[in-house]
Every structure is written in structure tokens, then in C-alpha cells.
$ cat final_22.cif   # mmCIF, C-alpha atoms
data_structure
loop_
_atom_site.group_PDB
_atom_site.id
_atom_site.type_symbol
_atom_site.label_atom_id
_atom_site.label_comp_id
_atom_site.auth_asym_id
_atom_site.auth_seq_id
_atom_site.Cartn_x
_atom_site.Cartn_y
_atom_site.Cartn_z
ATOM 1 C CA MET A 1 29.168 6.772 10.544
ATOM 2 C CA LEU A 2 26.986 3.835 9.523
ATOM 3 C CA GLU A 3 26.415 2.780 5.932
ATOM 4 C CA VAL A 4 22.983 1.334 5.153
ATOM 5 C CA TYR A 5 22.238 -0.595 1.962
ATOM 6 C CA LEU A 6 18.499 -1.158 1.554
ATOM 7 C CA PHE A 7 17.619 -3.737 -1.091
ATOM 8 C CA VAL A 8 14.255 -3.089 -2.721
ATOM 9 C CA ASN A 9 11.751 -4.242 -5.293
ATOM 10 C CA PRO A 10 10.739 -0.970 -7.016
ATOM 11 C CA LEU A 11 7.180 -2.273 -7.461
ATOM 12 C CA GLU A 12 6.531 -3.470 -3.899
ATOM 13 C CA THR A 13 4.530 -1.448 -1.387
ATOM 14 C CA LYS A 14 6.501 -2.737 1.604
ATOM 15 C CA CYS A 15 9.755 -1.581 0.005
ATOM 16 C CA MET A 16 8.353 1.928 -0.387
ATOM 17 C CA ARG A 17 7.617 1.974 3.332
ATOM 18 C CA CYS A 18 11.149 0.776 4.072
ATOM 19 C CA GLU A 19 12.616 3.540 1.915
ATOM 20 C CA HIS A 20 10.599 6.182 3.767
ATOM 21 C CA ASP A 21 11.669 4.661 7.094
ATOM 22 C CA VAL A 22 15.332 5.040 6.129
ATOM 23 C CA LEU A 23 14.738 8.645 5.072
ATOM 24 C CA ARG A 24 12.940 9.303 8.360
ATOM 25 C CA LEU A 25 15.827 7.853 10.363
ATOM 26 C CA ASP A 26 18.372 9.848 8.383
ATOM 27 C CA GLY A 27 16.536 13.018 9.374
ATOM 28 C CA LYS A 28 16.841 12.093 13.047
ATOM 29 C CA LEU A 29 20.512 11.091 13.136
ATOM 30 C CA ASP A 30 22.020 14.315 11.896
ATOM 31 C CA GLY A 31 24.196 12.990 9.080
ATOM 32 C CA ASN A 32 25.480 9.940 10.980
ATOM 33 C CA VAL A 33 24.027 7.544 8.395
ATOM 34 C CA SER A 34 24.907 7.127 4.728
ATOM 35 C CA TYR A 35 22.367 5.112 2.767
ATOM 36 C CA GLN A 36 21.684 3.667 -0.662
ATOM 37 C CA PHE A 37 18.616 2.035 -2.177
ATOM 38 C CA ILE A 38 19.702 -1.008 -4.181
ATOM 39 C CA PRO A 39 17.112 -2.527 -6.563
ATOM 40 C CA LEU A 40 16.849 -6.298 -6.759
ATOM 41 C CA LEU A 41 15.828 -8.300 -9.807
ATOM 42 C CA ASN A 42 15.529 -12.026 -9.221
ATOM 43 C CA LEU A 43 12.928 -14.797 -9.241
ATOM 44 C CA GLN A 44 11.472 -13.640 -5.935
ATOM 45 C CA THR A 45 10.952 -10.024 -7.001
ATOM 46 C CA ILE A 46 9.297 -11.119 -10.250
ATOM 47 C CA THR A 47 6.962 -13.508 -8.425
ATOM 48 C CA ALA A 48 6.104 -10.927 -5.752
ATOM 49 C CA THR A 49 5.361 -8.293 -8.404
ATOM 50 C CA LEU A 50 2.942 -10.570 -10.256
ATOM 51 C CA GLU A 51 1.235 -11.714 -7.067
ATOM 52 C CA SER A 52 0.779 -8.136 -5.870
ATOM 53 C CA HIS A 53 -1.156 -7.408 -9.076
ATOM 54 C CA GLY A 54 -3.251 -10.567 -8.824
ATOM 55 C CA LEU A 55 -1.517 -12.183 -11.802
ATOM 56 C CA ASN A 56 -0.477 -15.793 -12.268
ATOM 57 C CA PRO A 57 3.214 -16.055 -11.243
ATOM 58 C CA HIS A 58 3.538 -19.305 -13.214
ATOM 59 C CA ASP A 59 2.597 -17.752 -16.553
ATOM 60 C CA LEU A 60 5.864 -17.541 -18.502
ATOM 61 C CA ALA A 61 4.740 -14.653 -20.721
ATOM 62 C CA LEU A 62 3.680 -12.625 -17.674
ATOM 63 C CA ARG A 63 6.958 -13.402 -15.923
ATOM 64 C CA ASN A 64 8.978 -12.240 -18.916
ATOM 65 C CA ASN A 65 6.948 -9.044 -19.176
ATOM 66 C CA ALA A 66 7.334 -8.304 -15.459
ATOM 67 C CA SER A 67 11.065 -8.969 -15.698
ATOM 68 C CA ASP A 68 11.403 -6.577 -18.657
ATOM 69 C CA ILE A 69 9.487 -3.807 -16.869
ATOM 70 C CA LEU A 70 11.439 -4.215 -13.633
ATOM 71 C CA PHE A 71 14.699 -4.191 -15.549
ATOM 72 C CA GLN A 72 13.847 -0.955 -17.365
ATOM 73 C CA ILE A 73 12.680 0.710 -14.148
ATOM 74 C CA ILE A 74 16.018 -0.176 -12.578
ATOM 75 C CA MET A 75 17.916 1.107 -15.612
ATOM 76 C CA ASP A 76 15.957 4.373 -15.361
ATOM 77 C CA TYR A 77 16.845 4.631 -11.694
ATOM 78 C CA LYS A 78 20.535 4.014 -12.381
ATOM 79 C CA ALA A 79 20.447 6.659 -15.130
ATOM 80 C CA ALA A 80 18.886 9.141 -12.695
ATOM 81 C CA LEU A 81 21.573 8.337 -10.105
ATOM 82 C CA PHE A 82 24.253 9.324 -12.607
ATOM 83 C CA GLN A 83 23.021 12.911 -12.114
ATOM 84 C CA GLY A 84 23.278 12.786 -8.330
ATOM 85 C CA ARG A 85 22.195 10.462 -5.539
ATOM 86 C CA LYS A 86 19.559 12.860 -4.210
ATOM 87 C CA LYS A 87 17.951 13.308 -7.633
ATOM 88 C CA GLY A 88 18.122 9.566 -8.206
ATOM 89 C CA ARG A 89 16.255 8.840 -4.976
ATOM 90 C CA SER A 90 13.661 11.503 -5.769
ATOM 91 C CA PHE A 91 13.149 9.980 -9.205
ATOM 92 C CA LEU A 92 12.658 6.489 -7.740
ATOM 93 C CA LEU A 93 10.227 7.646 -5.054
ATOM 94 C CA GLN A 94 8.117 9.625 -7.525
ATOM 95 C CA LEU A 95 8.093 6.776 -10.033
ATOM 96 C CA GLN A 96 6.970 4.393 -7.288
ATOM 97 C CA GLN A 97 4.224 6.802 -6.282
ATOM 98 C CA HIS A 98 2.805 6.578 -9.797
ATOM 99 C CA LEU A 99 3.298 2.844 -10.318
ATOM 100 C CA VAL A 100 2.586 1.435 -6.853
ATOM 101 C CA CYS A 101 0.220 3.921 -5.247
ATOM 102 C CA GLU A 102 -1.645 5.300 -8.252
ATOM 103 C CA GLN A 103 -1.411 2.079 -10.288
ATOM 104 C CA ASP A 104 -0.269 3.911 -13.430
ATOM 105 C CA GLU A 105 1.164 1.854 -16.260
ATOM 106 C CA TYR A 106 4.913 2.090 -16.734
ATOM 107 C CA THR A 107 5.871 3.831 -19.978
ATOM 108 C CA THR A 108 8.896 5.659 -21.316
ATOM 109 C CA GLU A 109 6.770 8.810 -21.392
ATOM 110 C CA LEU A 110 5.953 8.509 -17.687
ATOM 111 C CA SER A 111 9.613 7.965 -16.879
ATOM 112 C CA ALA A 112 10.611 11.055 -18.876
ATOM 113 C CA GLN A 113 7.868 13.087 -17.200
ATOM 114 C CA ILE A 114 9.202 12.228 -13.755
ATOM 115 C CA ALA A 115 12.780 12.887 -14.871
ATOM 116 C CA LYS A 116 11.709 16.414 -15.804
ATOM 117 C CA ALA A 117 9.883 16.835 -12.503
ATOM 118 C CA VAL A 118 13.066 16.113 -10.523
ATOM 119 C CA SER A 119 15.140 18.408 -12.764
ATOM 120 C CA LEU A 120 17.209 15.813 -14.580
ATOM 121 C CA ASP A 121 18.931 16.613 -17.845
ATOM 122 C CA ILE A 122 16.440 14.827 -20.107
ATOM 123 C CA ASP A 123 18.746 14.223 -23.059
ATOM 124 C CA MET A 124 21.374 12.712 -20.777
ATOM 125 C CA PHE A 125 18.772 10.663 -18.926
ATOM 126 C CA MET A 126 17.267 9.220 -22.105
ATOM 127 C CA GLU A 127 20.696 8.259 -23.364
ATOM 128 C CA ASP A 128 21.882 6.772 -20.073
ATOM 129 C CA ARG A 129 18.763 4.627 -19.441
ATOM 130 C CA SER A 130 19.826 2.270 -22.232
ATOM 131 C CA SER A 131 23.580 2.636 -21.836
ATOM 132 C CA GLU A 132 26.170 -0.020 -21.148
ATOM 133 C CA LEU A 133 27.254 1.971 -18.083
ATOM 134 C CA ALA A 134 23.779 1.686 -16.541
ATOM 135 C CA HIS A 135 23.726 -2.023 -17.365
ATOM 136 C CA GLN A 136 27.084 -2.498 -15.652
ATOM 137 C CA ALA A 137 25.756 -0.640 -12.596
ATOM 138 C CA PHE A 138 22.753 -2.991 -12.555
ATOM 139 C CA ILE A 139 25.021 -6.058 -12.691
ATOM 140 C CA ALA A 140 27.205 -4.629 -9.913
ATOM 141 C CA ASP A 141 24.112 -4.206 -7.706
ATOM 142 C CA GLN A 142 23.040 -7.816 -8.205
ATOM 143 C CA LYS A 143 26.572 -9.004 -7.441
ATOM 144 C CA MET A 144 26.607 -6.890 -4.282
ATOM 145 C CA ALA A 145 23.353 -8.488 -3.158
ATOM 146 C CA ASN A 146 24.751 -11.950 -3.838
ATOM 147 C CA ASP A 147 28.008 -11.191 -1.991
ATOM 148 C CA MET A 148 26.053 -9.929 1.023
ATOM 149 C CA GLY A 149 23.739 -12.930 1.060
ATOM 150 C CA VAL A 150 20.650 -10.871 0.201
ATOM 151 C CA THR A 151 17.996 -12.835 -1.671
ATOM 152 C CA LYS A 152 14.794 -10.932 -0.990
ATOM 153 C CA PRO A 153 13.757 -7.272 -0.977
ATOM 154 C CA SER A 154 13.051 -5.292 2.176
ATOM 155 C CA SER A 155 16.441 -6.435 3.493
ATOM 156 C CA ALA A 156 19.060 -4.010 4.760
ATOM 157 C CA VAL A 157 22.788 -4.410 5.368
ATOM 158 C CA VAL A 158 24.421 -2.071 7.884
ATOM 159 C CA PHE A 159 28.162 -1.459 8.120
ATOM 160 C CA ASP A 160 30.295 0.606 10.442
ATOM 161 C CA ALA A 161 31.967 2.878 7.891
ATOM 162 C CA ASP A 162 35.141 3.075 9.988
ATOM 163 C CA HIS A 163 35.464 -0.708 10.260
ATOM 164 C CA SER A 164 33.715 -2.245 7.248
ATOM 165 C CA ASP A 165 34.976 -5.817 7.776
ATOM 166 C CA TYR A 166 31.775 -6.663 9.630
ATOM 167 C CA GLY A 167 28.150 -5.916 8.844
ATOM 168 C CA VAL A 168 24.661 -6.751 10.015
ATOM 169 C CA LEU A 169 22.011 -8.110 7.647
ATOM 170 C CA ILE A 170 18.450 -7.187 8.620
ATOM 171 C CA GLU A 171 15.915 -9.396 6.896
ATOM 172 C CA ASN A 172 12.251 -8.357 7.055
ATOM 173 C CA PHE A 173 13.429 -4.798 7.579
ATOM 174 C CA ASP A 174 11.615 -2.606 10.065
ATOM 175 C CA TYR A 175 12.245 0.918 11.256
ATOM 176 C CA GLN A 176 12.747 0.097 14.939
ATOM 177 C CA THR A 177 15.460 -2.515 14.334
ATOM 178 C CA LEU A 178 17.469 -0.116 12.187
ATOM 179 C CA ALA A 179 16.903 2.716 14.666
ATOM 180 C CA ASP A 180 18.145 0.513 17.525
ATOM 181 C CA ILE A 181 21.284 -0.462 15.598
ATOM 182 C CA CYS A 182 22.080 3.126 14.691
ATOM 183 C CA THR A 183 21.359 4.436 18.188
ATOM 184 C CA HIS A 184 23.449 1.776 19.946
ATOM 185 C CA LYS A 185 26.339 2.232 17.540
ATOM 186 C CA THR A 186 26.282 6.001 17.899
ATOM 187 C CA GLN A 187 26.002 6.012 21.689
ATOM 188 C CA GLU A 188 27.734 2.862 22.910
ATOM 189 C CA LEU A 189 29.717 0.859 20.371
ATOM 190 C CA GLN A 190 32.905 2.769 19.788
ATOM 191 C CA LYS A 191 35.505 0.008 20.251
ATOM 192 C CA SER A 192 35.763 -2.268 17.244
ATOM 193 C CA ALA A 193 33.924 -3.607 14.233
ATOM 194 C CA GLN A 194 34.007 -7.112 15.746
ATOM 195 C CA GLU A 195 32.243 -5.882 18.876
ATOM 196 C CA PHE A 196 29.761 -4.036 16.683
ATOM 197 C CA ALA A 197 28.906 -7.290 14.914
ATOM 198 C CA ASP A 198 28.985 -9.463 18.042
ATOM 199 C CA PHE A 199 26.607 -7.148 19.871
ATOM 200 C CA TYR A 200 23.845 -7.731 17.348
ATOM 201 C CA LEU A 201 24.595 -11.418 16.954
ATOM 202 C CA HIS A 202 23.540 -11.889 20.575
ATOM 203 C CA GLN A 203 20.267 -9.961 20.360
ATOM 204 C CA ASN A 204 18.363 -13.200 19.604
ATOM 205 C CA ASN A 205 16.576 -11.549 16.697
ATOM 206 C CA PRO A 206 16.058 -14.153 13.932
ATOM 207 C CA ASP A 207 16.050 -11.405 11.303
ATOM 208 C CA LEU A 208 19.574 -10.247 12.201
ATOM 209 C CA HIS A 209 22.685 -11.921 10.769
ATOM 210 C CA VAL A 210 26.346 -10.957 11.020
ATOM 211 C CA LEU A 211 28.157 -10.955 7.681
#
$ encode --input "final_22.cif" --output "C-alpha cells"
Amino acid sequence: MLEVYLFVNPLETKCMRCEHDVLRLDGKLDGNVSYQFIPLLNLQTITATLESHGLNPHDLALRNNASDILFQIIMDYKAALFQGRKKGRSFLLQLQQHLVCEQDEYTTELSAQIAKAVSLDIDMFMEDRSSELAHQAFIADQKMANDMGVTKPSSAVVFDADHSDYGVLIENFDYQTLADICTHKTQELQKSAQEFADFYLHQNNPDLHVL
């Protein structure tokens, strides 16, 4: 089985497409892929969020506001994940639909509305979204990104679950690259994690890196 970690900016259109691509691939590979959506919060995601809304990325007040909103969205997502990975993903995708596609303003009320729509325990969700446990989960995600060398959203890291010493970092994620990795691993690469990594190192794709 392959493990896919997709690093996303919750407020970026391209990241939404990447998330749907991973879900589409999962449906085709019959349970041979385990995947997680990992939210990023760094200088790049803040700048990209402001630019996508036509706002000045150099305005300190706007940067602080964008950072606060992104942080709370991520905390909401982590709180939703505490009630199950499937519900957490559904919460994130529905929240993104409102914020990115329909351009709704983020509010606590909107977050609670979506939590109800995906059948979360609302009292638990409202408590967890400001909890120390959710904050620790957020910090762990950022550390994971740093450890894997991920600095920008729409990047994916793929591991062979049986031999997790080696992984492949896909920058500028696209569906076909991930599909090729998963297909080749499933059909051909059954020998070792080193061979799994070396295979993709020699594909001459500048967006692929072996970890």
C-alpha cells in the first residue's frame, strides 16, 4: 500500500483540485492508497491567499488577518478529524466549497453549520476547535511538512507503507504523476523501498524528489 500526504492551503483553488484528484485516484485503486490532507500555514500560504483575493500581500494588518483565519480554519479541520478521518475530509471539502467557490466569509457560524451538515457532534466540535489537542495537531503537521522538505501547498509526499524509509516528494502536484507512481508501484515495484525511490529519481521530472 502507498501512503500519500497532500499538503494544502485550505483557501487555494488549486489545492481543492488536488484534493479531488487524490479522491478520484483512491476510487480507482481499490484501497491500495492511504491518504491524508495536511494543511500548511506559512508565509507562502498567507501571501497566496491574499493575492488570490486581490489584496496587498505586503499589508501587515491584512497578513495578520489572513493568518488568523487560516489558523482557525485549520483548527476547525483538526477538530473535525477527531471525529473520524472521513468526516474530517468531508468537513474540509464543504468548507472550501463555501469559502473558495462561493466566496462566503469565514465565520464560526458557517463552520458550525458545516459541522452539522457532515454529522459531527457539535458540542464536541466547538470545544475541540479551540483545544490544546487541536493546537498540538496543528504544530505536528507543520513539523511534518518541515521534516519532509515541503514548503509550498499542492505538494504531495508518497511512501511505500511496507518500506517507509524512502519517499517521493511531488512538487506542483498533478493527477497523472501520482497515478503513474501508484500504478508502477502496484504493478512493477515489489522489490525494495530503495528501488521504489531510485525508480522515480531517474524519471527526469524536476517536480519529483526522493526523500
$ residues_around --input "final_22.cif" --residues "region 18-21 of chain A" --least-positions-apart "6" --cutoff "8 Å" --atoms "all atoms listed in the file" --output "list in words"
Leu6, Phe37, Ser154, Phe173, Asp174 and Tyr175 of chain A
$ residues_around --input "final_22.cif" --residues "His98 (chain A)" --least-positions-apart "2" --cutoff "12 Å" --atoms "all atoms listed in the file" --output "ChimeraX atom specification"
/A:10-11,13,16,91-96,100-107,110-111,113-114
$ closest_residue --input "final_22.cif" --among "A:Glu171, A:Asp68, A:Gln136, A:Tyr77" --to "Pro153 (chain A)" --atoms "all atoms listed in the file"
A:Glu171
$ atom_distance --input "final_22.cif" --atom1 "CA of Lys78 (chain A)" --atom2 "CA of Ala134 (chain A)"
5.8 Å
$ closest_residue --input "final_22.cif" --among "A:Ala179, A:Leu169, A:Ala161, A:Val8" --to "Gln44 (chain A)" --atoms "all atoms listed in the file"
A:Val8
$ atom_distance --input "final_22.cif" --atom1 "CA of Leu43 (chain A)" --atom2 "CA of Glu127 (chain A)"
28.1 Å
$ resolve_selection --input "final_22.cif" --expression "the PyMOL selection byres ((chain A and resi 149) around 12)" --output "PyMOL selection string"
chain A and resi 7+142-148+150-153+155-157+167-171+209-211
$ write_last_selection --input "final_22.cif" --atoms "C-alpha atoms" --output "PDB file, keeping the file's coordinate frame"
ATOM      1  CA  PHE A   7      17.619  -3.737  -1.091  1.00  0.00           C
ATOM      2  CA  GLN A 142      23.040  -7.816  -8.205  1.00  0.00           C
ATOM      3  CA  LYS A 143      26.572  -9.004  -7.441  1.00  0.00           C
ATOM      4  CA  MET A 144      26.607  -6.890  -4.282  1.00  0.00           C
ATOM      5  CA  ALA A 145      23.353  -8.488  -3.158  1.00  0.00           C
ATOM      6  CA  ASN A 146      24.751 -11.950  -3.838  1.00  0.00           C
ATOM      7  CA  ASP A 147      28.008 -11.191  -1.991  1.00  0.00           C
ATOM      8  CA  MET A 148      26.053  -9.929   1.023  1.00  0.00           C
ATOM      9  CA  VAL A 150      20.650 -10.871   0.201  1.00  0.00           C
ATOM     10  CA  THR A 151      17.996 -12.835  -1.671  1.00  0.00           C
ATOM     11  CA  LYS A 152      14.794 -10.932  -0.990  1.00  0.00           C
ATOM     12  CA  PRO A 153      13.757  -7.272  -0.977  1.00  0.00           C
ATOM     13  CA  SER A 155      16.441  -6.435   3.493  1.00  0.00           C
ATOM     14  CA  ALA A 156      19.060  -4.010   4.760  1.00  0.00           C
ATOM     15  CA  VAL A 157      22.788  -4.410   5.368  1.00  0.00           C
ATOM     16  CA  GLY A 167      28.150  -5.916   8.844  1.00  0.00           C
ATOM     17  CA  VAL A 168      24.661  -6.751  10.015  1.00  0.00           C
ATOM     18  CA  LEU A 169      22.011  -8.110   7.647  1.00  0.00           C
ATOM     19  CA  ILE A 170      18.450  -7.187   8.620  1.00  0.00           C
ATOM     20  CA  GLU A 171      15.915  -9.396   6.896  1.00  0.00           C
ATOM     21  CA  HIS A 209      22.685 -11.921  10.769  1.00  0.00           C
ATOM     22  CA  VAL A 210      26.346 -10.957  11.020  1.00  0.00           C
ATOM     23  CA  LEU A 211      28.157 -10.955   7.681  1.00  0.00           C
TER      24      LEU A 211
END
$ atom_distance --input "final_22.cif" --atom1 "CA of Phe125 (chain A)" --atom2 "CA of Pro39 (chain A)"
18.2 Å
$ residues_around --input "final_22.cif" --residues "Met126 (chain A)" --least-positions-apart "3" --cutoff "9 Å" --atoms "all atoms listed in the file" --output "list in words"
Asp76, Ala79, Ala112, Asp121, Ile122, Asp123, Arg129 and Ser130 of chain A
$ residues_around --input "final_22.cif" --residues "Arg63 (chain A)" --least-positions-apart "3" --cutoff "12 Å" --atoms "only C-alpha atoms" --output "ChimeraX atom specification"
/A:41-51,55-60,66-70
$ closest_residue --input "final_22.cif" --among "A:Ala137, A:Lys14, A:Leu62, A:Asp26" --to "Phe82 (chain A)" --atoms "only C-alpha atoms"
A:Ala137
$ residues_around --input "final_22.cif" --residues "His135 (chain A)" --least-positions-apart "3" --cutoff "10 Å" --atoms "all atoms listed in the file" --output "list in words"
Phe71, Gln72, Ile74, Met75, Lys78, Ala79, Asp128, Arg129, Ser130, Ser131, Glu132, Phe138, Ile139, Ala140 and Asp141 of chain A
$ closest_residue --input "final_22.cif" --among "A:Leu25, A:Met124, A:Ala61, A:Ile73" --to "Asn9 (chain A)" --atoms "all atoms listed in the file"
A:Ile73
$ axis_aligned_box --input "final_22.cif" --around "region 144-160 of chain A" --padding-each-side "6 Å" --output "AutoDock Vina command-line options"
--center_x 21.7 --center_y -6.2 --center_z 3.1 --size_x 29.2 --size_y 25.5 --size_z 26.7
$ decode --input "final_22.cif" --residues "region 101-134 of chain A" --atoms "N, CA and C atoms" --output "PDB file, in the first residue's frame"
ATOM      1  N   CYS A 101     -15.170  28.556  -3.549  1.00  0.00           N
ATOM      2  CA  CYS A 101     -16.026  28.568  -4.737  1.00  0.00           C
ATOM      3  C   CYS A 101     -17.141  29.609  -4.645  1.00  0.00           C
ATOM      4  N   GLU A 102     -17.790  29.677  -3.484  1.00  0.00           N
ATOM      5  CA  GLU A 102     -18.917  30.592  -3.338  1.00  0.00           C
ATOM      6  C   GLU A 102     -18.526  31.931  -2.715  1.00  0.00           C
ATOM      7  N   GLN A 103     -17.244  32.042  -2.332  1.00  0.00           N
ATOM      8  CA  GLN A 103     -16.706  33.297  -1.798  1.00  0.00           C
ATOM      9  C   GLN A 103     -17.446  33.775  -0.545  1.00  0.00           C
ATOM     10  N   ASP A 104     -17.934  32.839   0.260  1.00  0.00           N
ATOM     11  CA  ASP A 104     -18.565  33.203   1.530  1.00  0.00           C
ATOM     12  C   ASP A 104     -17.499  33.644   2.522  1.00  0.00           C
ATOM     13  N   GLU A 105     -17.887  34.484   3.459  1.00  0.00           N
ATOM     14  CA  GLU A 105     -16.967  34.909   4.502  1.00  0.00           C
ATOM     15  C   GLU A 105     -16.867  33.834   5.573  1.00  0.00           C
ATOM     16  N   TYR A 106     -15.654  33.591   6.054  1.00  0.00           N
ATOM     17  CA  TYR A 106     -15.493  32.611   7.125  1.00  0.00           C
ATOM     18  C   TYR A 106     -16.030  33.170   8.434  1.00  0.00           C
ATOM     19  N   THR A 107     -16.880  32.391   9.090  1.00  0.00           N
ATOM     20  CA  THR A 107     -17.392  32.740  10.418  1.00  0.00           C
ATOM     21  C   THR A 107     -17.515  31.464  11.237  1.00  0.00           C
ATOM     22  N   THR A 108     -17.598  31.628  12.545  1.00  0.00           N
ATOM     23  CA  THR A 108     -17.831  30.483  13.418  1.00  0.00           C
ATOM     24  C   THR A 108     -19.171  29.840  13.096  1.00  0.00           C
ATOM     25  N   GLU A 109     -20.156  30.669  12.761  1.00  0.00           N
ATOM     26  CA  GLU A 109     -21.491  30.150  12.442  1.00  0.00           C
ATOM     27  C   GLU A 109     -21.450  29.275  11.190  1.00  0.00           C
ATOM     28  N   LEU A 110     -20.708  29.704  10.179  1.00  0.00           N
ATOM     29  CA  LEU A 110     -20.588  28.891   8.966  1.00  0.00           C
ATOM     30  C   LEU A 110     -19.901  27.567   9.285  1.00  0.00           C
ATOM     31  N   SER A 111     -18.864  27.625  10.079  1.00  0.00           N
ATOM     32  CA  SER A 111     -18.146  26.406  10.452  1.00  0.00           C
ATOM     33  C   SER A 111     -19.063  25.428  11.186  1.00  0.00           C
ATOM     34  N   ALA A 112     -19.861  25.949  12.117  1.00  0.00           N
ATOM     35  CA  ALA A 112     -20.795  25.104  12.866  1.00  0.00           C
ATOM     36  C   ALA A 112     -21.867  24.524  11.951  1.00  0.00           C
ATOM     37  N   GLN A 113     -22.309  25.326  10.996  1.00  0.00           N
ATOM     38  CA  GLN A 113     -23.328  24.865  10.040  1.00  0.00           C
ATOM     39  C   GLN A 113     -22.812  23.669   9.244  1.00  0.00           C
ATOM     40  N   ILE A 114     -21.579  23.761   8.790  1.00  0.00           N
ATOM     41  CA  ILE A 114     -20.999  22.665   8.010  1.00  0.00           C
ATOM     42  C   ILE A 114     -20.744  21.453   8.898  1.00  0.00           C
ATOM     43  N   ALA A 115     -20.337  21.695  10.140  1.00  0.00           N
ATOM     44  CA  ALA A 115     -20.140  20.581  11.075  1.00  0.00           C
ATOM     45  C   ALA A 115     -21.437  19.787  11.248  1.00  0.00           C
ATOM     46  N   LYS A 116     -22.547  20.490  11.333  1.00  0.00           N
ATOM     47  CA  LYS A 116     -23.846  19.811  11.440  1.00  0.00           C
ATOM     48  C   LYS A 116     -24.148  19.041  10.163  1.00  0.00           C
ATOM     49  N   ALA A 117     -23.829  19.636   9.026  1.00  0.00           N
ATOM     50  CA  ALA A 117     -24.141  19.015   7.740  1.00  0.00           C
ATOM     51  C   ALA A 117     -23.409  17.695   7.540  1.00  0.00           C
ATOM     52  N   VAL A 118     -22.217  17.564   8.141  1.00  0.00           N
ATOM     53  CA  VAL A 118     -21.451  16.319   7.992  1.00  0.00           C
ATOM     54  C   VAL A 118     -21.608  15.421   9.222  1.00  0.00           C
ATOM     55  N   SER A 119     -22.598  15.741  10.037  1.00  0.00           N
ATOM     56  CA  SER A 119     -22.990  14.893  11.184  1.00  0.00           C
ATOM     57  C   SER A 119     -21.939  14.805  12.278  1.00  0.00           C
ATOM     58  N   LEU A 120     -21.263  15.916  12.538  1.00  0.00           N
ATOM     59  CA  LEU A 120     -20.354  15.952  13.682  1.00  0.00           C
ATOM     60  C   LEU A 120     -21.134  16.205  14.956  1.00  0.00           C
ATOM     61  N   ASP A 121     -20.587  15.751  16.066  1.00  0.00           N
ATOM     62  CA  ASP A 121     -21.112  16.120  17.378  1.00  0.00           C
ATOM     63  C   ASP A 121     -20.742  17.586  17.593  1.00  0.00           C
ATOM     64  N   ILE A 122     -21.734  18.472  17.586  1.00  0.00           N
ATOM     65  CA  ILE A 122     -21.468  19.907  17.584  1.00  0.00           C
ATOM     66  C   ILE A 122     -20.808  20.374  18.876  1.00  0.00           C
ATOM     67  N   ASP A 123     -21.282  19.888  19.998  1.00  0.00           N
ATOM     68  CA  ASP A 123     -20.690  20.311  21.276  1.00  0.00           C
ATOM     69  C   ASP A 123     -19.211  19.921  21.333  1.00  0.00           C
ATOM     70  N   MET A 124     -18.914  18.712  20.908  1.00  0.00           N
ATOM     71  CA  MET A 124     -17.527  18.249  20.899  1.00  0.00           C
ATOM     72  C   MET A 124     -16.691  19.060  19.924  1.00  0.00           C
ATOM     73  N   PHE A 125     -17.269  19.315  18.745  1.00  0.00           N
ATOM     74  CA  PHE A 125     -16.556  20.085  17.724  1.00  0.00           C
ATOM     75  C   PHE A 125     -16.223  21.490  18.222  1.00  0.00           C
ATOM     76  N   MET A 126     -17.193  22.162  18.818  1.00  0.00           N
ATOM     77  CA  MET A 126     -16.981  23.531  19.275  1.00  0.00           C
ATOM     78  C   MET A 126     -15.941  23.593  20.392  1.00  0.00           C
ATOM     79  N   GLU A 127     -15.898  22.555  21.195  1.00  0.00           N
ATOM     80  CA  GLU A 127     -14.888  22.515  22.251  1.00  0.00           C
ATOM     81  C   GLU A 127     -13.503  22.214  21.677  1.00  0.00           C
ATOM     82  N   ASP A 128     -13.444  21.271  20.742  1.00  0.00           N
ATOM     83  CA  ASP A 128     -12.154  20.838  20.211  1.00  0.00           C
ATOM     84  C   ASP A 128     -11.491  21.896  19.328  1.00  0.00           C
ATOM     85  N   ARG A 129     -12.265  22.757  18.662  1.00  0.00           N
ATOM     86  CA  ARG A 129     -11.697  23.703  17.699  1.00  0.00           C
ATOM     87  C   ARG A 129     -10.823  24.767  18.360  1.00  0.00           C
ATOM     88  N   SER A 130     -10.895  24.865  19.682  1.00  0.00           N
ATOM     89  CA  SER A 130     -10.018  25.794  20.399  1.00  0.00           C
ATOM     90  C   SER A 130      -9.187  25.076  21.460  1.00  0.00           C
ATOM     91  N   SER A 131      -9.061  23.763  21.307  1.00  0.00           N
ATOM     92  CA  SER A 131      -8.403  22.962  22.337  1.00  0.00           C
ATOM     93  C   SER A 131      -6.892  22.901  22.139  1.00  0.00           C
ATOM     94  N   GLU A 132      -6.204  22.582  23.199  1.00  0.00           N
ATOM     95  CA  GLU A 132      -4.758  22.398  23.133  1.00  0.00           C
ATOM     96  C   GLU A 132      -4.412  21.196  22.261  1.00  0.00           C
ATOM     97  N   LEU A 133      -5.266  20.181  22.274  1.00  0.00           N
ATOM     98  CA  LEU A 133      -5.023  18.982  21.463  1.00  0.00           C
ATOM     99  C   LEU A 133      -5.026  19.325  19.972  1.00  0.00           C
ATOM    100  N   ALA A 134      -5.979  20.151  19.544  1.00  0.00           N
ATOM    101  CA  ALA A 134      -6.024  20.567  18.144  1.00  0.00           C
ATOM    102  C   ALA A 134      -4.801  21.412  17.804  1.00  0.00           C
TER     103      ALA A 134
END
